[in-house]
Amino acid sequence: MGRLTDRIAVVTGAGRGIGKEIALLMASEGAKVVVNDLGGNTDGTGGGSIAQEVADEIISNGGDAVANTNSVAEIEGGKSIINSAVEAFGGLDILVNNAGILRDRTIFNMEESDWDAVIAVHLKGHYCCTRPFAQYIREQNRTGCRIINFSSVSGLYGNFGQANYGAAKAGIAGFSRVIALELAKYGCTSNTISPGALTRMTIPLRENRGEKVESADLEDGGPQHIAPICAWLASEASAGITSEIFHTGRGGISIMQQPKVIKQFVKKSGLWSLGELDQVVPQLVEAKKENIASADTSGAPVEV
Ligand SMILES: NC(=O)c1ccc[n+]([C@@H]2O[C@H](COP(=O)([O-])OP(=O)(O)OC[C@H]3O[C@@H](n4cnc5c(N)ncnc54)[C@H](O)[C@@H]3O)[C@@H](O)[C@H]2O)c1
């Protein structure tokens, strides 16, 4: 009996890369899976039937799966993806918002179309799938559901040339925290993954730096390393763990700090003078440096 027996999951962008590994692992743990993917290129253009190939692989392994090729970037697509689970398997418990594209450009060269496409698939895509799922949870009073969202260090830390992607990925972290609050009364958790894996999205970045990707690299750092924490967060074991951000990849699993006040000054009355801010702001910045130094120490890898 697997950890996800009798559970029903939707994994978006599951035709390849991280999503495919999540779909395969969840199915091997007993989940019935909707494999969603429109099968396009990394920049979001084009389409193909890779979702069906992954669904077929799950079925040939003895699991249950159906394919869905709708886009997460439109609300009608999101509704159809959620409906696929209800129609094929009679319900839905787990939503993994994984689908993604890239249109990297510096802000000097970023056209409106590059901005819109990336925000649509990532940030709006999370909304388009989560909204119909949330409505379904409320209408059916379905408890114990799970939502797993996909952010990135690009948004959580910042990454050169990715203003569109970084904005979407930071937005997703905020979205996930709000969803955690709004669905808590149904026992539904909402957590965020910040992955690091060698996929078609990241291998070219490596190769552009002149680094060759060998099969041993794919074994050590491939998308299969992201799937276990997703399956665990989808399982009953994760009840009560919500609104968190887990960074994972290459055998590492870590929890990330969330925005929090780490030092503050309060003026009893009146506005801050600029001269007072000359004194206070450097102390705030210093407190932040100390906080980061402490997190650097506590966040050093522990081998298990
Ligand atoms: N690989 C990494 O190191 C890394 C790092 C940070 C974040 N991420 C995030 O992880 C997720 C998975 O990335 P990956 O590396 O597996 O990339 P990938 O390109 O291998 O897979 C993404 C999949 O999403 C699908 N997709 C794209 N637009 C879609 C749409 N509108 N509707 C449905 N499906 C769509 C694609 O067809 C593709 O199969 C993405 O959200 C990505 O931003 C990845």
# chains A, B, ... in the order shown; residues from 1 in each chain; ligands from 1

call {"tool": "residues_around", "arguments": {"residues": "Glu303 in chain A", "least_positions_apart": "6", "cutoff": "12 Å", "atoms": "only C-alpha atoms", "output": "PyMOL selection string"}}
result
chain A and resi 251-254

call {"tool": "residues_near_ligand", "arguments": {"ligand": "ligand 1", "cutoff": "6 Å", "atoms": "only C-alpha atoms and all ligand atoms", "output": "VMD selection string"}}
result
chain A and resid 12 to 19 37 to 40 42 44 71 to 73 98 to 101 121 150 to 152 194 to 202

call {"tool": "select_by_dssp", "arguments": {"residues": "range 21-255 of chain A", "states": "helix (DSSP H, G or I)", "output": "ChimeraX atom specification"}}
result
/A:21-28,50-60,75-89,112-140,153-158,163-182,184-186,203-208,215-221,223-225,227-234,236-238

call {"tool": "write_last_selection", "arguments": {"atoms": "C-alpha atoms", "output": "compact mmCIF listing (two decimals), in the first residue's frame"}}
result
# COMPACT_ATOMS: atom_id res chain seq x y z
CA GLU A 21 9.03 12.71 -12.14
CA ILE A 22 6.39 13.90 -9.66
CA ALA A 23 3.61 12.22 -11.67
CA LEU A 24 5.54 8.92 -11.90
CA LEU A 25 6.39 8.87 -8.19
CA MET A 26 2.89 9.83 -7.07
CA ALA A 27 1.44 7.10 -9.32
CA SER A 28 3.90 4.54 -7.93
CA ILE A 50 3.88 14.23 -24.38
CA ALA A 51 1.19 14.21 -21.65
CA GLN A 52 -0.32 11.06 -23.20
CA GLU A 53 3.12 9.40 -23.32
CA VAL A 54 3.59 9.91 -19.56
CA ALA A 55 0.02 8.75 -18.85
CA ASP A 56 0.73 5.62 -20.96
CA GLU A 57 3.96 5.00 -19.02
CA ILE A 58 2.07 5.17 -15.71
CA ILE A 59 -0.60 2.79 -17.02
CA SER A 60 2.01 0.34 -18.34
CA ILE A 75 -9.05 29.97 -16.59
CA GLU A 76 -10.97 27.70 -19.00
CA GLY A 77 -7.83 25.55 -19.27
CA GLY A 78 -7.55 25.40 -15.48
CA LYS A 79 -11.21 24.39 -15.14
CA SER A 80 -10.77 21.64 -17.73
CA ILE A 81 -7.66 20.32 -15.95
CA ILE A 82 -9.48 20.11 -12.60
CA ASN A 83 -12.59 18.62 -14.30
CA SER A 84 -10.41 15.92 -15.91
CA ALA A 85 -9.70 14.54 -12.43
CA VAL A 86 -13.33 14.67 -11.34
CA GLU A 87 -14.57 13.08 -14.58
CA ALA A 88 -11.91 10.36 -14.81
CA PHE A 89 -11.46 9.50 -11.13
CA GLU A 112 5.68 43.12 -23.39
CA SER A 113 5.04 39.71 -25.00
CA ASP A 114 7.95 38.17 -22.99
CA TRP A 115 6.59 39.65 -19.79
CA ASP A 116 2.98 38.60 -20.46
CA ALA A 117 3.78 35.03 -21.55
CA VAL A 118 5.86 34.24 -18.45
CA ILE A 119 3.45 35.89 -16.00
CA ALA A 120 0.54 34.07 -17.70
CA VAL A 121 1.97 30.55 -17.42
CA HIS A 122 3.54 30.87 -13.97
CA LEU A 123 1.62 33.38 -11.83
CA LYS A 124 -1.75 33.36 -13.60
CA GLY A 125 -1.33 29.62 -14.21
CA HIS A 126 -1.28 29.06 -10.43
CA TYR A 127 -4.51 31.08 -10.13
CA CYS A 128 -6.20 29.35 -13.10
CA CYS A 129 -5.78 25.85 -11.61
CA THR A 130 -6.07 26.71 -7.91
CA ARG A 131 -9.32 28.68 -8.19
CA PRO A 132 -11.46 25.85 -9.64
CA PHE A 133 -9.81 23.42 -7.20
CA ALA A 134 -10.59 25.71 -4.23
CA GLN A 135 -14.20 26.08 -5.42
CA TYR A 136 -14.47 22.30 -5.73
CA ILE A 137 -13.05 21.84 -2.20
CA ARG A 138 -15.61 24.28 -0.77
CA GLU A 139 -18.59 22.93 -2.73
CA GLN A 140 -17.79 19.31 -1.84
CA VAL A 153 15.49 31.18 -6.22
CA SER A 154 15.17 33.49 -9.23
CA GLY A 155 12.23 35.15 -7.47
CA LEU A 156 13.19 34.46 -3.86
CA TYR A 157 16.78 35.77 -4.22
CA GLY A 158 16.83 37.45 -7.66
CA ALA A 163 12.64 40.07 -14.26
CA ASN A 164 9.50 38.42 -15.70
CA TYR A 165 10.22 34.96 -14.27
CA GLY A 166 11.53 36.31 -10.94
CA ALA A 167 8.45 38.50 -10.49
CA ALA A 168 6.17 35.54 -11.22
CA LYS A 169 8.09 33.21 -8.91
CA ALA A 170 8.15 35.72 -6.01
CA GLY A 171 4.44 36.26 -6.62
CA ILE A 172 3.83 32.53 -6.40
CA ALA A 173 5.42 32.42 -2.93
CA GLY A 174 3.01 35.16 -1.84
CA PHE A 175 0.07 33.45 -3.55
CA SER A 176 0.86 30.20 -1.74
CA ARG A 177 0.85 31.89 1.69
CA VAL A 178 -2.57 33.43 1.02
CA ILE A 179 -4.01 30.14 -0.25
CA ALA A 180 -2.69 28.44 2.91
CA LEU A 181 -4.76 30.87 5.01
CA GLU A 182 -7.89 30.70 2.85
CA ALA A 184 -6.93 26.10 6.18
CA LYS A 185 -10.48 25.53 7.38
CA TYR A 186 -10.74 22.59 4.96
CA ILE A 203 20.77 22.42 -19.03
CA PRO A 204 21.21 25.13 -21.73
CA LEU A 205 22.18 27.66 -19.02
CA ARG A 206 24.95 25.27 -17.94
CA GLU A 207 26.03 24.59 -21.49
CA ASN A 208 26.14 28.31 -22.25
CA SER A 215 24.79 11.29 -17.58
CA ALA A 216 26.35 11.17 -14.08
CA ASP A 217 25.30 14.82 -13.62
CA LEU A 218 21.74 13.87 -14.54
CA GLU A 219 21.81 11.09 -11.98
CA ASP A 220 23.12 13.42 -9.25
CA GLY A 221 21.07 16.47 -10.15
CA PRO A 223 14.48 16.22 -11.83
CA GLN A 224 13.87 12.91 -10.02
CA HIS A 225 15.43 14.53 -6.92
CA ALA A 227 9.75 14.36 -6.62
CA PRO A 228 10.13 12.83 -3.10
CA ILE A 229 9.35 16.00 -1.10
CA CYS A 230 6.37 16.66 -3.40
CA ALA A 231 4.98 13.17 -2.82
CA TRP A 232 5.59 13.56 0.93
CA LEU A 233 3.85 16.96 1.02
CA ALA A 234 0.95 15.36 -0.85
CA GLU A 236 -1.18 12.46 5.06
CA ALA A 237 2.18 12.73 6.86
CA SER A 238 2.35 16.43 5.98

call {"tool": "atom_distance", "arguments": {"atom1": "CA of Arg142 in chain A", "atom2": "CA of Gly90 in chain A"}}
result
12.2 Å

call {"tool": "select_by_dssp", "arguments": {"residues": "range 90-259 of chain A", "states": "strand (DSSP E)", "output": "VMD selection string"}}
result
chain A and resid 94 to 97 146 to 150 189 to 195 245 to 249 252 to 255

call {"tool": "atom_distance", "arguments": {"atom1": "CA of Glu244 in chain A", "atom2": "CA of Ile292 in chain A"}}
result
18.5 Å

call {"tool": "residues_around", "arguments": {"residues": "Arg146 in chain A", "least_positions_apart": "5", "cutoff": "8 Å", "atoms": "only C-alpha atoms", "output": "list in words"}}
result
Asp93, Ile94, Leu95, Cys188, Thr189, Ser190, Leu233 and Ala234 of chain A

call {"tool": "atom_distance", "arguments": {"atom1": "CA of Val10 in chain A", "atom2": "CA of Gln162 in chain A"}}
result
27.6 Å

call {"tool": "residues_around", "arguments": {"residues": "Met1 in chain A", "least_positions_apart": "3", "cutoff": "8 Å", "atoms": "only C-alpha atoms", "output": "list in words"}}
result
Thr5, Glu29 and Gly30 of chain A

call {"tool": "write_last_selection", "arguments": {"atoms": "N, CA and C atoms", "output": "CSV table (one decimal), in the first residue's frame"}}
result
chain,number,residue,atom,x,y,z
A,5,THR,N,-2.3,5.9,-1.9
A,5,THR,CA,-3.3,5.1,-2.3
A,5,THR,C,-4.7,5.7,-2.1
A,29,GLU,N,3.2,5.6,-5.8
A,29,GLU,CA,2.7,5.6,-4.4
A,29,GLU,C,1.2,5.4,-4.4
A,30,GLY,N,0.6,5.1,-5.5
A,30,GLY,CA,-0.9,4.7,-5.5
A,30,GLY,C,-1.8,5.8,-6.0

call {"tool": "decode", "arguments": {"residues": "range 143-294 of chain A", "atoms": "C-alpha atoms", "output": "tab-separated table (two decimals), in the first residue's frame"}}
result
chain	number	residue	atom	x	y	z
A	143	THR	CA	-11.02	17.95	3.52
A	144	GLY	CA	-7.32	17.11	3.68
A	145	CYS	CA	-6.39	18.31	0.19
A	146	ARG	CA	-2.90	19.45	-0.82
A	147	ILE	CA	-1.61	22.23	-3.08
A	148	ILE	CA	2.06	22.32	-4.08
A	149	ASN	CA	3.31	25.43	-5.85
A	150	PHE	CA	6.51	26.05	-7.79
A	151	SER	CA	8.68	29.08	-7.06
A	152	SER	CA	12.40	29.57	-7.71
A	153	VAL	CA	15.49	31.18	-6.22
A	154	SER	CA	15.17	33.49	-9.23
A	155	GLY	CA	12.23	35.15	-7.47
A	156	LEU	CA	13.19	34.46	-3.86
A	157	TYR	CA	16.78	35.77	-4.22
A	158	GLY	CA	16.83	37.45	-7.66
A	159	ASN	CA	18.56	36.37	-10.87
A	160	PHE	CA	20.03	38.50	-13.67
A	161	GLY	CA	17.97	38.50	-16.87
A	162	GLN	CA	14.78	37.09	-15.35
A	163	ALA	CA	12.64	40.07	-14.26
A	164	ASN	CA	9.50	38.42	-15.70
A	165	TYR	CA	10.22	34.96	-14.27
A	166	GLY	CA	11.53	36.31	-10.94
A	167	ALA	CA	8.45	38.50	-10.49
A	168	ALA	CA	6.17	35.54	-11.22
A	169	LYS	CA	8.09	33.21	-8.91
A	170	ALA	CA	8.15	35.72	-6.01
A	171	GLY	CA	4.44	36.26	-6.62
A	172	ILE	CA	3.83	32.53	-6.40
A	173	ALA	CA	5.42	32.42	-2.93
A	174	GLY	CA	3.01	35.16	-1.84
A	175	PHE	CA	0.07	33.45	-3.55
A	176	SER	CA	0.86	30.20	-1.74
A	177	ARG	CA	0.85	31.89	1.69
A	178	VAL	CA	-2.57	33.43	1.02
A	179	ILE	CA	-4.01	30.14	-0.25
A	180	ALA	CA	-2.69	28.44	2.91
A	181	LEU	CA	-4.76	30.87	5.01
A	182	GLU	CA	-7.89	30.70	2.85
A	183	LEU	CA	-8.08	26.89	2.64
A	184	ALA	CA	-6.93	26.10	6.18
A	185	LYS	CA	-10.48	25.53	7.38
A	186	TYR	CA	-10.74	22.59	4.96
A	187	GLY	CA	-7.47	21.10	6.24
A	188	CYS	CA	-5.93	21.85	2.84
A	189	THR	CA	-2.24	22.76	2.93
A	190	SER	CA	-0.44	25.02	0.45
A	191	ASN	CA	3.33	24.79	0.26
A	192	THR	CA	5.97	26.04	-2.14
A	193	ILE	CA	8.87	24.22	-3.74
A	194	SER	CA	12.01	26.02	-4.88
A	195	PRO	CA	13.70	23.35	-7.00
A	196	GLY	CA	17.14	23.02	-8.51
A	197	ALA	CA	17.38	20.33	-11.21
A	198	LEU	CA	18.96	19.65	-14.57
A	199	THR	CA	16.11	19.79	-17.08
A	200	ARG	CA	15.68	21.23	-20.56
A	201	MET	CA	15.03	24.55	-18.77
A	202	THR	CA	18.39	24.63	-16.98
A	203	ILE	CA	20.77	22.42	-19.03
A	204	PRO	CA	21.21	25.13	-21.73
A	205	LEU	CA	22.18	27.66	-19.02
A	206	ARG	CA	24.95	25.27	-17.94
A	207	GLU	CA	26.03	24.59	-21.49
A	208	ASN	CA	26.14	28.31	-22.25
A	209	ARG	CA	28.72	28.59	-19.45
A	210	GLY	CA	30.77	26.00	-21.33
A	211	GLU	CA	29.93	23.18	-18.84
A	212	LYS	CA	29.10	19.80	-20.38
A	213	VAL	CA	26.23	17.84	-18.80
A	214	GLU	CA	27.13	14.14	-18.49
A	215	SER	CA	24.79	11.29	-17.58
A	216	ALA	CA	26.35	11.17	-14.08
A	217	ASP	CA	25.30	14.82	-13.62
A	218	LEU	CA	21.74	13.87	-14.54
A	219	GLU	CA	21.81	11.09	-11.98
A	220	ASP	CA	23.12	13.42	-9.25
A	221	GLY	CA	21.07	16.47	-10.15
A	222	GLY	CA	18.17	15.40	-12.35
A	223	PRO	CA	14.48	16.22	-11.83
A	224	GLN	CA	13.87	12.91	-10.02
A	225	HIS	CA	15.43	14.53	-6.92
A	226	ILE	CA	12.51	17.00	-6.67
A	227	ALA	CA	9.75	14.36	-6.62
A	228	PRO	CA	10.13	12.83	-3.10
A	229	ILE	CA	9.35	16.00	-1.10
A	230	CYS	CA	6.37	16.66	-3.40
A	231	ALA	CA	4.98	13.17	-2.82
A	232	TRP	CA	5.59	13.56	0.93
A	233	LEU	CA	3.85	16.96	1.02
A	234	ALA	CA	0.95	15.36	-0.85
A	235	SER	CA	0.62	12.59	1.72
A	236	GLU	CA	-1.18	12.46	5.06
A	237	ALA	CA	2.18	12.73	6.86
A	238	SER	CA	2.35	16.43	5.98
A	239	ALA	CA	-0.92	17.43	7.72
A	240	GLY	CA	-0.49	20.81	9.42
A	241	ILE	CA	2.63	21.73	7.43
A	242	THR	CA	1.51	24.69	5.38
A	243	SER	CA	2.72	28.04	4.02
A	244	GLU	CA	6.31	26.78	3.94
A	245	ILE	CA	8.95	27.05	1.23
A	246	PHE	CA	11.20	24.01	0.72
A	247	HIS	CA	14.28	24.27	-1.45
A	248	THR	CA	15.35	20.93	-2.89
A	249	GLY	CA	17.64	19.34	-5.45
A	250	ARG	CA	20.81	17.21	-5.73
A	251	GLY	CA	19.95	15.28	-2.58
A	252	GLY	CA	19.45	18.46	-0.53
A	253	ILE	CA	16.28	19.43	1.29
A	254	SER	CA	16.03	22.73	3.16
A	255	ILE	CA	13.44	25.05	4.57
A	256	MET	CA	13.63	28.70	3.59
A	257	GLN	CA	13.20	31.78	5.70
A	258	GLN	CA	10.02	33.77	5.10
A	259	PRO	CA	9.82	37.58	5.22
A	260	LYS	CA	9.79	38.67	8.87
A	261	VAL	CA	10.70	41.82	10.81
A	262	ILE	CA	14.08	41.22	12.44
A	263	LYS	CA	14.61	44.62	14.07
A	264	GLN	CA	12.51	47.75	14.41
A	265	PHE	CA	12.54	51.21	15.93
A	266	VAL	CA	9.38	53.12	16.78
A	267	LYS	CA	9.20	56.90	17.12
A	268	LYS	CA	6.87	57.93	19.95
A	269	SER	CA	5.45	60.87	18.00
A	270	GLY	CA	5.93	62.75	14.77
A	271	LEU	CA	7.63	61.79	11.53
A	272	TRP	CA	11.14	60.44	11.24
A	273	SER	CA	13.58	63.21	10.31
A	274	LEU	CA	16.05	62.37	7.56
A	275	GLY	CA	18.84	62.96	10.08
A	276	GLU	CA	17.32	60.33	12.42
A	277	LEU	CA	17.08	57.92	9.48
A	278	ASP	CA	20.82	58.53	8.88
A	279	GLN	CA	21.28	56.88	12.31
A	280	VAL	CA	18.57	54.19	12.21
A	281	VAL	CA	18.74	52.74	8.68
A	282	PRO	CA	22.38	51.54	8.96
A	283	GLN	CA	21.43	49.76	12.22
A	284	LEU	CA	18.56	48.01	10.44
A	285	VAL	CA	20.84	46.95	7.59
A	286	GLU	CA	23.43	45.70	10.13
A	287	ALA	CA	20.72	43.66	11.93
A	288	LYS	CA	19.81	42.06	8.62
A	289	LYS	CA	23.44	41.16	7.93
A	290	GLU	CA	23.67	39.49	11.37
A	291	ASN	CA	20.46	37.61	10.69
A	292	ILE	CA	21.79	36.34	7.36
A	293	ALA	CA	25.10	35.32	8.97
A	294	SER	CA	23.18	33.33	11.57
